[in-house]
>>> print(open('work-v2.cif').read())   # mmCIF, C-alpha atoms
data_model
#
loop_
_atom_site.group_PDB
_atom_site.id
_atom_site.type_symbol
_atom_site.label_atom_id
_atom_site.label_comp_id
_atom_site.auth_asym_id
_atom_site.auth_seq_id
_atom_site.Cartn_x
_atom_site.Cartn_y
_atom_site.Cartn_z
ATOM 1 C CA MET S 68 20.856 -12.950 -27.995
ATOM 2 C CA ILE S 69 22.331 -15.509 -25.610
ATOM 3 C CA LYS S 70 20.788 -13.648 -22.681
ATOM 4 C CA SER S 71 17.401 -13.686 -24.423
ATOM 5 C CA ILE S 72 17.661 -17.440 -25.059
ATOM 6 C CA TYR S 73 18.645 -17.921 -21.420
ATOM 7 C CA LYS S 74 15.479 -16.079 -20.375
ATOM 8 C CA LEU S 75 13.363 -17.889 -22.962
ATOM 9 C CA ILE S 76 14.175 -21.380 -21.698
ATOM 10 C CA ARG S 77 13.921 -20.197 -18.042
ATOM 11 C CA VAL S 78 17.210 -21.660 -16.817
ATOM 12 C CA LYS S 79 16.584 -20.178 -13.373
ATOM 13 C CA GLN S 80 13.402 -22.247 -13.158
ATOM 14 C CA TRP S 81 15.368 -25.470 -13.614
ATOM 15 C CA VAL S 82 15.843 -25.512 -9.848
ATOM 16 C CA LYS S 83 12.250 -26.793 -9.652
ATOM 17 C CA ASN S 84 13.395 -29.979 -11.353
ATOM 18 C CA ALA S 85 15.470 -30.803 -8.280
ATOM 19 C CA PHE S 86 12.376 -32.762 -7.234
ATOM 20 C CA VAL S 87 13.601 -35.376 -9.737
ATOM 21 C CA LEU S 88 16.663 -35.944 -7.557
ATOM 22 C CA ALA S 89 14.711 -36.409 -4.304
ATOM 23 C CA PRO S 90 14.371 -40.214 -4.672
ATOM 24 C CA LEU S 91 18.145 -40.440 -5.143
ATOM 25 C CA LEU S 92 18.691 -38.712 -1.808
ATOM 26 C CA PHE S 93 16.181 -40.838 0.069
ATOM 27 C CA SER S 94 17.632 -44.141 -1.089
ATOM 28 C CA LEU S 95 20.967 -45.890 -0.678
ATOM 29 C CA LYS S 96 21.349 -45.669 -4.463
ATOM 30 C CA PHE S 97 23.035 -42.287 -4.171
ATOM 31 C CA LEU S 98 26.167 -44.373 -3.648
ATOM 32 C CA GLU S 99 25.771 -46.095 -7.034
ATOM 33 C CA ILE S 100 27.366 -44.436 -10.078
ATOM 34 C CA ALA S 101 24.752 -45.869 -12.466
ATOM 35 C CA SER S 102 21.890 -44.505 -10.352
ATOM 36 C CA ILE S 103 23.534 -41.082 -10.089
ATOM 37 C CA GLU S 104 23.937 -40.966 -13.870
ATOM 38 C CA SER S 105 20.332 -42.042 -14.471
ATOM 39 C CA ALA S 106 18.969 -39.546 -11.946
ATOM 40 C CA PHE S 107 20.865 -36.608 -13.445
ATOM 41 C CA VAL S 108 20.007 -37.594 -17.011
ATOM 42 C CA CYS S 109 16.351 -37.667 -15.946
ATOM 43 C CA PHE S 110 16.867 -34.271 -14.284
ATOM 44 C CA PHE S 111 18.159 -32.694 -17.488
ATOM 45 C CA VAL S 112 15.433 -34.358 -19.566
ATOM 46 C CA PHE S 113 12.884 -32.660 -17.316
ATOM 47 C CA CYS S 114 14.803 -29.386 -17.632
ATOM 48 C CA PHE S 115 14.603 -29.587 -21.433
ATOM 49 C CA VAL S 116 10.955 -30.643 -21.407
ATOM 50 C CA SER S 117 9.934 -27.932 -18.940
ATOM 51 C CA SER S 118 11.736 -25.354 -21.108
ATOM 52 C CA ILE S 119 9.796 -26.625 -24.135
ATOM 53 C CA VAL S 120 6.580 -26.085 -22.188
ATOM 54 C CA TYR S 121 7.662 -22.539 -21.260
ATOM 55 C CA ILE S 122 8.434 -21.744 -24.908
ATOM 56 C CA LEU S 123 5.112 -23.092 -26.198
ATOM 57 C CA ASN S 124 3.236 -21.251 -23.459
ATOM 58 C CA ASP S 125 5.049 -17.999 -24.321
ATOM 59 C CA ILE S 126 4.174 -18.437 -27.992
ATOM 60 C CA VAL S 127 0.487 -19.022 -27.212
ATOM 61 C CA ASP S 128 0.341 -16.098 -24.756
ATOM 62 C CA ARG S 129 2.623 -13.674 -26.597
ATOM 63 C CA LYS S 130 -0.161 -11.153 -27.312
ATOM 64 C CA LYS S 131 -1.500 -11.232 -23.744
ATOM 65 C CA ASP S 132 2.031 -11.076 -22.324
ATOM 66 C CA ALA S 133 2.713 -7.972 -24.394
ATOM 67 C CA GLN S 134 0.011 -6.186 -22.366
ATOM 68 C CA HIS S 135 1.263 -7.501 -19.005
ATOM 69 C CA PRO S 136 3.310 -5.112 -16.796
ATOM 70 C CA THR S 137 6.211 -7.547 -16.370
ATOM 71 C CA LYS S 138 5.668 -10.367 -18.874
ATOM 72 C CA LYS S 139 5.929 -7.875 -21.729
ATOM 73 C CA PHE S 140 9.703 -8.066 -21.233
ATOM 74 C CA ARG S 141 9.802 -11.774 -22.057
ATOM 75 C CA PRO S 142 11.849 -12.507 -25.217
ATOM 76 C CA ILE S 143 8.923 -13.479 -27.454
ATOM 77 C CA ALA S 144 6.452 -10.888 -26.170
ATOM 78 C CA SER S 145 9.059 -8.139 -26.516
ATOM 79 C CA GLY S 146 10.057 -9.264 -30.003
ATOM 80 C CA LYS S 147 13.672 -10.023 -29.102
ATOM 81 C CA ILE S 148 13.129 -13.613 -30.253
ATOM 82 C CA SER S 149 10.811 -14.476 -33.144
ATOM 83 C CA VAL S 150 8.284 -17.294 -33.017
ATOM 84 C CA LYS S 151 10.233 -19.206 -35.677
ATOM 85 C CA MET S 152 13.457 -18.972 -33.709
ATOM 86 C CA ALA S 153 11.668 -19.986 -30.508
ATOM 87 C CA LEU S 154 10.292 -23.063 -32.270
ATOM 88 C CA ALA S 155 13.774 -23.912 -33.573
ATOM 89 C CA ILE S 156 15.140 -23.736 -30.016
ATOM 90 C CA ALA S 157 12.246 -25.925 -28.862
ATOM 91 C CA VAL S 158 13.170 -28.510 -31.513
ATOM 92 C CA LEU S 159 16.760 -28.594 -30.227
ATOM 93 C CA LEU S 160 15.442 -29.134 -26.703
ATOM 94 C CA VAL S 161 13.226 -31.943 -27.983
ATOM 95 C CA LEU S 162 16.265 -33.636 -29.512
ATOM 96 C CA GLY S 163 18.129 -33.284 -26.217
ATOM 97 C CA ALA S 164 15.214 -34.772 -24.284
ATOM 98 C CA VAL S 165 14.879 -37.666 -26.755
ATOM 99 C CA PHE S 166 18.606 -38.384 -26.483
ATOM 100 C CA GLY S 167 18.285 -38.505 -22.695
ATOM 101 C CA LEU S 168 15.287 -40.825 -22.839
ATOM 102 C CA LEU S 169 17.138 -43.132 -25.240
ATOM 103 C CA TYR S 170 19.964 -43.280 -22.720
ATOM 104 C CA LEU S 171 17.589 -44.173 -19.890
ATOM 105 C CA GLN S 172 15.561 -46.701 -21.918
ATOM 106 C CA ASN S 173 12.896 -46.660 -19.226
ATOM 107 C CA ASP S 174 9.271 -46.980 -20.328
ATOM 108 C CA LYS S 175 7.916 -45.636 -17.028
ATOM 109 C CA VAL S 176 10.015 -42.490 -17.303
ATOM 110 C CA ILE S 177 8.842 -41.980 -20.892
ATOM 111 C CA ILE S 178 5.190 -42.374 -19.868
ATOM 112 C CA THR S 179 5.692 -39.963 -16.970
ATOM 113 C CA ILE S 180 7.305 -37.367 -19.260
ATOM 114 C CA ALA S 181 4.507 -37.816 -21.802
ATOM 115 C CA LEU S 182 1.901 -37.342 -19.084
ATOM 116 C CA TYR S 183 3.707 -34.212 -17.891
ATOM 117 C CA LEU S 184 3.639 -32.787 -21.422
ATOM 118 C CA LEU S 185 -0.034 -33.690 -21.886
ATOM 119 C CA ILE S 186 -1.020 -32.011 -18.628
ATOM 120 C CA ASN S 187 0.905 -28.864 -19.552
ATOM 121 C CA ILE S 188 -0.682 -28.715 -22.984
ATOM 122 C CA PHE S 189 -4.145 -28.806 -21.401
ATOM 123 C CA TYR S 190 -2.930 -26.319 -18.785
ATOM 124 C CA SER S 191 -1.724 -23.845 -21.410
ATOM 125 C CA LEU S 192 -4.848 -24.138 -23.535
ATOM 126 C CA LYS S 193 -7.565 -24.162 -20.872
ATOM 127 C CA LEU S 194 -6.838 -25.282 -17.314
ATOM 128 C CA LYS S 195 -4.696 -22.276 -16.366
ATOM 129 C CA ASN S 196 -7.869 -20.196 -16.444
ATOM 130 C CA ILE S 197 -9.744 -22.353 -13.908
ATOM 131 C CA ALA S 198 -9.151 -21.347 -10.290
ATOM 132 C CA ILE S 199 -7.703 -24.016 -7.959
ATOM 133 C CA ILE S 200 -7.463 -26.492 -10.864
ATOM 134 C CA ASP S 201 -4.646 -24.348 -12.252
ATOM 135 C CA VAL S 202 -2.575 -24.740 -9.075
ATOM 136 C CA PHE S 203 -3.383 -28.457 -8.820
ATOM 137 C CA MET S 204 -2.054 -28.970 -12.354
ATOM 138 C CA ILE S 205 1.173 -27.214 -11.392
ATOM 139 C CA ALA S 206 1.410 -29.381 -8.263
ATOM 140 C CA LEU S 207 0.842 -32.526 -10.307
ATOM 141 C CA GLY S 208 3.837 -31.530 -12.420
ATOM 142 C CA PHE S 209 6.054 -31.602 -9.311
ATOM 143 C CA VAL S 210 4.630 -34.973 -8.274
ATOM 144 C CA LEU S 211 5.446 -36.368 -11.718
ATOM 145 C CA ARG S 212 9.005 -35.104 -11.334
ATOM 146 C CA VAL S 213 9.411 -37.164 -8.160
ATOM 147 C CA TYR S 214 7.949 -40.279 -9.792
ATOM 148 C CA ALA S 215 10.147 -39.863 -12.874
ATOM 149 C CA GLY S 216 13.223 -39.637 -10.646
ATOM 150 C CA ALA S 217 12.127 -42.734 -8.744
ATOM 151 C CA TYR S 218 11.445 -44.716 -11.932
ATOM 152 C CA ALA S 219 14.829 -43.671 -13.359
ATOM 153 C CA ILE S 220 16.700 -45.346 -10.494
ATOM 154 C CA GLY S 221 14.194 -48.137 -9.842
ATOM 155 C CA VAL S 222 12.905 -47.248 -6.372
ATOM 156 C CA PRO S 223 9.296 -47.006 -5.088
ATOM 157 C CA VAL S 224 7.692 -43.763 -3.915
ATOM 158 C CA SER S 225 6.218 -43.797 -0.413
ATOM 159 C CA SER S 226 2.570 -42.739 -0.146
ATOM 160 C CA TYR S 227 3.646 -40.154 2.438
ATOM 161 C CA ILE S 228 6.283 -38.771 0.062
ATOM 162 C CA PHE S 229 3.573 -38.502 -2.589
ATOM 163 C CA MET S 230 1.360 -36.510 -0.228
ATOM 164 C CA THR S 231 4.263 -34.399 1.039
ATOM 165 C CA THR S 232 5.250 -33.508 -2.528
ATOM 166 C CA LEU S 233 1.645 -32.731 -3.458
ATOM 167 C CA PHE S 234 1.035 -30.397 -0.508
ATOM 168 C CA LEU S 235 4.455 -28.755 -0.834
ATOM 169 C CA SER S 236 3.718 -28.129 -4.518
ATOM 170 C CA LEU S 237 0.322 -26.659 -3.681
ATOM 171 C CA PHE S 238 2.057 -24.411 -1.149
ATOM 172 C CA LEU S 239 4.473 -23.183 -3.834
ATOM 173 C CA GLY S 240 1.648 -22.749 -6.338
ATOM 174 C CA PHE S 241 -0.572 -20.705 -4.037
ATOM 175 C CA THR S 242 2.336 -18.537 -2.886
ATOM 176 C CA LYS S 243 2.975 -17.785 -6.578
ATOM 177 C CA ARG S 244 -0.671 -16.744 -6.970
ATOM 178 C CA LYS S 245 -0.325 -14.576 -3.860
ATOM 179 C CA MET S 246 2.636 -12.734 -5.384
ATOM 180 C CA GLU S 247 0.786 -12.262 -8.657
ATOM 181 C CA LEU S 248 -2.171 -10.726 -6.824
ATOM 182 C CA LEU S 249 0.080 -8.423 -4.827
ATOM 183 C CA HIS S 250 2.225 -7.420 -7.779
ATOM 184 C CA CYS S 251 -0.245 -7.184 -10.659
ATOM 185 C CA GLY S 252 -3.726 -7.293 -9.139
ATOM 186 C CA SER S 253 -6.662 -9.513 -10.055
ATOM 187 C CA THR S 254 -7.062 -7.956 -13.512
ATOM 188 C CA ALA S 255 -3.656 -9.093 -14.822
ATOM 189 C CA ARG S 256 -4.875 -12.569 -15.714
ATOM 190 C CA LYS S 257 -8.313 -14.107 -16.057
ATOM 191 C CA VAL S 258 -7.785 -16.749 -13.383
ATOM 192 C CA LEU S 259 -6.667 -14.168 -10.803
ATOM 193 C CA GLN S 260 -10.146 -12.665 -10.884
ATOM 194 C CA ASN S 261 -11.352 -15.779 -9.065
ATOM 195 C CA TYR S 262 -8.794 -15.463 -6.259
ATOM 196 C CA SER S 263 -8.587 -13.119 -3.308
ATOM 197 C CA ASN S 264 -5.757 -12.449 -0.862
ATOM 198 C CA ASP S 265 -7.715 -13.940 2.052
ATOM 199 C CA MET S 266 -8.585 -17.071 0.078
ATOM 200 C CA VAL S 267 -5.005 -17.637 -1.093
ATOM 201 C CA ASN S 268 -3.654 -17.059 2.429
ATOM 202 C CA GLN S 269 -5.982 -19.752 3.767
ATOM 203 C CA TYR S 270 -4.842 -22.190 1.074
ATOM 204 C CA ILE S 271 -1.209 -21.427 1.938
ATOM 205 C CA ILE S 272 -1.772 -22.081 5.648
ATOM 206 C CA ILE S 273 -3.553 -25.372 4.926
ATOM 207 C CA SER S 274 -0.870 -26.477 2.454
ATOM 208 C CA ILE S 275 2.054 -25.692 4.750
ATOM 209 C CA ALA S 276 0.401 -27.491 7.693
ATOM 210 C CA LEU S 277 -0.333 -30.610 5.618
ATOM 211 C CA THR S 278 3.182 -30.615 4.152
ATOM 212 C CA ILE S 279 4.804 -30.611 7.572
ATOM 213 C CA MET S 280 2.360 -33.203 8.934
ATOM 214 C CA CYS S 281 2.795 -35.622 6.016
ATOM 215 C CA TYR S 282 6.572 -35.312 6.086
ATOM 216 C CA ALA S 283 6.612 -35.960 9.835
ATOM 217 C CA LEU S 284 4.430 -39.034 9.296
ATOM 218 C CA TYR S 285 6.814 -40.213 6.572
ATOM 219 C CA THR S 286 9.783 -40.034 8.966
ATOM 220 C CA LEU S 287 7.859 -42.110 11.527
ATOM 221 C CA GLU S 288 6.567 -44.684 9.049
ATOM 222 C CA PRO S 289 7.884 -48.197 9.960
ATOM 223 C CA SER S 290 9.258 -48.782 6.459
ATOM 224 C CA THR S 291 11.127 -45.455 6.626
ATOM 225 C CA ILE S 292 12.645 -46.288 10.020
ATOM 226 C CA LEU S 293 13.645 -49.710 8.684
ATOM 227 C CA HIS S 294 15.171 -48.180 5.558
ATOM 228 C CA PHE S 295 17.174 -45.541 7.435
ATOM 229 C CA GLY S 296 17.930 -47.880 10.328
ATOM 230 C CA THR S 297 16.919 -45.217 12.848
ATOM 231 C CA ASN S 298 14.037 -42.983 13.863
ATOM 232 C CA ARG S 299 16.276 -39.902 13.937
ATOM 233 C CA LEU S 300 14.988 -38.671 10.576
ATOM 234 C CA ILE S 301 12.116 -37.046 12.500
ATOM 235 C CA TYR S 302 14.539 -34.334 13.649
ATOM 236 C CA SER S 303 14.960 -33.208 10.045
ATOM 237 C CA VAL S 304 11.460 -31.737 10.370
ATOM 238 C CA ILE S 305 13.208 -28.756 11.967
ATOM 239 C CA PHE S 306 14.884 -27.924 8.637
ATOM 240 C CA VAL S 307 11.632 -28.446 6.730
ATOM 241 C CA ILE S 308 9.680 -26.108 9.001
ATOM 242 C CA TYR S 309 12.396 -23.461 8.967
ATOM 243 C CA GLY S 310 12.727 -23.698 5.181
ATOM 244 C CA MET S 311 9.021 -23.144 4.587
ATOM 245 C CA PHE S 312 8.850 -20.326 7.117
ATOM 246 C CA ARG S 313 11.943 -18.741 5.553
ATOM 247 C CA TYR S 314 10.317 -18.993 2.120
ATOM 248 C CA LEU S 315 7.274 -17.076 3.402
ATOM 249 C CA TYR S 316 9.610 -14.532 4.965
ATOM 250 C CA ILE S 317 11.322 -13.987 1.603
ATOM 251 C CA LEU S 318 7.971 -13.475 -0.103
ATOM 252 C CA ASP S 319 6.921 -10.928 2.491
ATOM 253 C CA LYS S 320 10.262 -9.124 2.297
ATOM 254 C CA HIS S 321 10.148 -8.865 -1.503
ATOM 255 C CA LYS S 322 6.483 -8.069 -2.107
ATOM 256 C CA ASP S 323 7.365 -6.053 -5.187
ATOM 257 C CA VAL S 324 8.713 -9.139 -7.002
ATOM 258 C CA GLU S 325 6.178 -11.296 -8.837
ATOM 259 C CA ASP S 326 8.430 -14.351 -9.260
ATOM 260 C CA PRO S 327 10.467 -14.966 -6.069
ATOM 261 C CA THR S 328 12.712 -17.632 -7.633
ATOM 262 C CA GLU S 329 15.723 -15.348 -8.068
ATOM 263 C CA ASN S 330 15.548 -14.017 -4.495
ATOM 264 C CA VAL S 331 15.038 -17.541 -3.143
ATOM 265 C CA LEU S 332 18.152 -18.790 -4.929
ATOM 266 C CA LYS S 333 20.188 -15.981 -3.389
ATOM 267 C CA ASP S 334 18.854 -16.287 0.169
ATOM 268 C CA LYS S 335 21.592 -17.601 2.460
ATOM 269 C CA GLY S 336 19.121 -18.692 5.124
ATOM 270 C CA LEU S 337 17.133 -20.920 2.772
ATOM 271 C CA ILE S 338 20.218 -22.257 1.025
ATOM 272 C CA GLY S 339 21.741 -23.035 4.422
ATOM 273 C CA ALA S 340 18.604 -24.845 5.594
ATOM 274 C CA CYS S 341 18.505 -26.960 2.417
ATOM 275 C CA GLY S 342 22.213 -27.724 2.709
ATOM 276 C CA LEU S 343 21.949 -28.744 6.362
ATOM 277 C CA TYR S 344 18.929 -30.902 5.558
ATOM 278 C CA VAL S 345 20.807 -32.768 2.828
ATOM 279 C CA LEU S 346 23.869 -33.203 5.053
ATOM 280 C CA TYR S 347 21.701 -34.492 7.893
ATOM 281 C CA VAL S 348 19.990 -37.077 5.672
ATOM 282 C CA LEU S 349 23.335 -38.164 4.198
ATOM 283 C CA ALA S 350 24.769 -38.467 7.701
ATOM 284 C CA ILE S 351 21.917 -40.792 8.709
ATOM 285 C CA LEU S 352 22.256 -42.902 5.571
ATOM 286 C CA SER S 353 26.025 -43.092 6.081
ATOM 287 C CA ASN S 354 25.524 -44.191 9.738
ATOM 288 C CA ILE S 355 27.466 -41.169 10.955
ATOM 289 C CA ILE S 356 24.693 -40.322 13.422
#
>>> encode(input="work-v2.cif", output="structure tokens")
Amino acid sequence: MIKSIYKLIRVKQWVKNAFVLAPLLFSLKFLEIASIESAFVCFFVFCFVSSIVYILNDIVDRKKDAQHPTKKFRPIASGKISVKMALAIAVLLVLGAVFGLLYLQNDKVIITIALYLLINIFYSLKLKNIAIIDVFMIALGFVLRVYAGAYAIGVPVSSYIFMTTLFLSLFLGFTKRKMELLHCGSTARKVLQNYSNDMVNQYIIISIALTIMCYALYTLEPSTILHFGTNRLIYSVIFVIYGMFRYLYILDKHKDVEDPTENVLKDKGLIGACGLYVLYVLAILSNII
């Protein structure tokens, strides 16, 4: 039962909420205990809220998922967890999220969370069946994560960071569609009928190019150089490029896996690139280099 609950709330997908912590890394507030606490509380609030969205989506799609080659093994679709029990778990997650928001007492974070929920409700009911719009809605969810993290610790979000997050999220969204097409074919879901491998590949190339370009521009922005006290952040582009290329490599290597999250979390090359990136940024902020 515990394993089924673990799968139901998608704990492995919580890694996506790391976007909430990005503003903490890119500001000197990572040295402040209060900011660290607020950032991580916001992180877990998003984890609970995203799990609520997954549960509601699984309840709505339980009949369709039961006919899907891989989604039929999900706890609700397979019958391992009843709808009533899933709703009870969702209520507990709601209470956890509310407790976190009460701790933060931040109106902007609350509005951002509410907007995230609203978008996902529309996504589950209608927008997930509209090609391109479906991926944009997913990307907007990542953007809202960044803004929530920034609001939680009281720092602004650079326009270049906004664009970088948006294009990176589109890249992740279209690579997910690519894996769905390869693994299940265009008949598995209604929206996949409006995609083709060539089309998705073009979107991926455009997204990855714009992500790298916008991040590079962010590192060279005068306000960024002033904030970091150096222009050496531009060299971190190496880790960004390698990380995205490594991600594509993982997808190509594991074509038989629809959701690459588990393989990504186990890949030493990608983990190493992310770790070196964080260490490099911390070294700049700490005036080590």
>>> residues_around(input="work-v2.cif", residues="segment 155-167 of chain S", least_positions_apart="5", cutoff="8 Å", atoms="only C-alpha atoms", output="list in words")
Val108, Cys109, Phe111, Val112, Phe113, Phe115, Val116, Ser118, Ile119 and Ile122 of chain S
>>> closest_residue(input="work-v2.cif", among="S:His294, S:Lys320, S:Leu211, S:Val176", to="Leu95 of chain S", atoms="all atoms listed in the file")
S:His294
>>> closest_residue(input="work-v2.cif", among="S:Leu284, S:Ile72, S:Met246, S:Ala217", to="Lys147 of chain S", atoms="only C-alpha atoms")
S:Ile72
>>> atom_distance(input="work-v2.cif", atom1="atom CA of Thr278 of chain S", atom2="atom CA of Val307 of chain S")
9.1 Å
>>> resolve_selection(input="work-v2.cif", expression="the PyMOL selection byres ((chain S and resi 238) around 9)", output="MDAnalysis selection string")
chainID S and resid 206 233:237 239:243 270:275 278
>>> resolve_selection(input="work-v2.cif", expression="the PyMOL selection byres ((chain S and resi 144) around 10)", output="PyMOL selection string")
chain S and resi 125-126+128-135+138-143+145-150
>>> atom_distance(input="work-v2.cif", atom1="atom CA of Phe306 of chain S", atom2="atom CA of Tyr344 of chain S")
5.9 Å
>>> closest_residue(input="work-v2.cif", among="S:Asn187, S:Gln269, S:Ser303, S:Gln80", to="Gly208 of chain S", atoms="only C-alpha atoms")
S:Asn187
>>> atom_distance(input="work-v2.cif", atom1="atom CA of Ser105 of chain S", atom2="atom CA of Ala283 of chain S")
28.6 Å
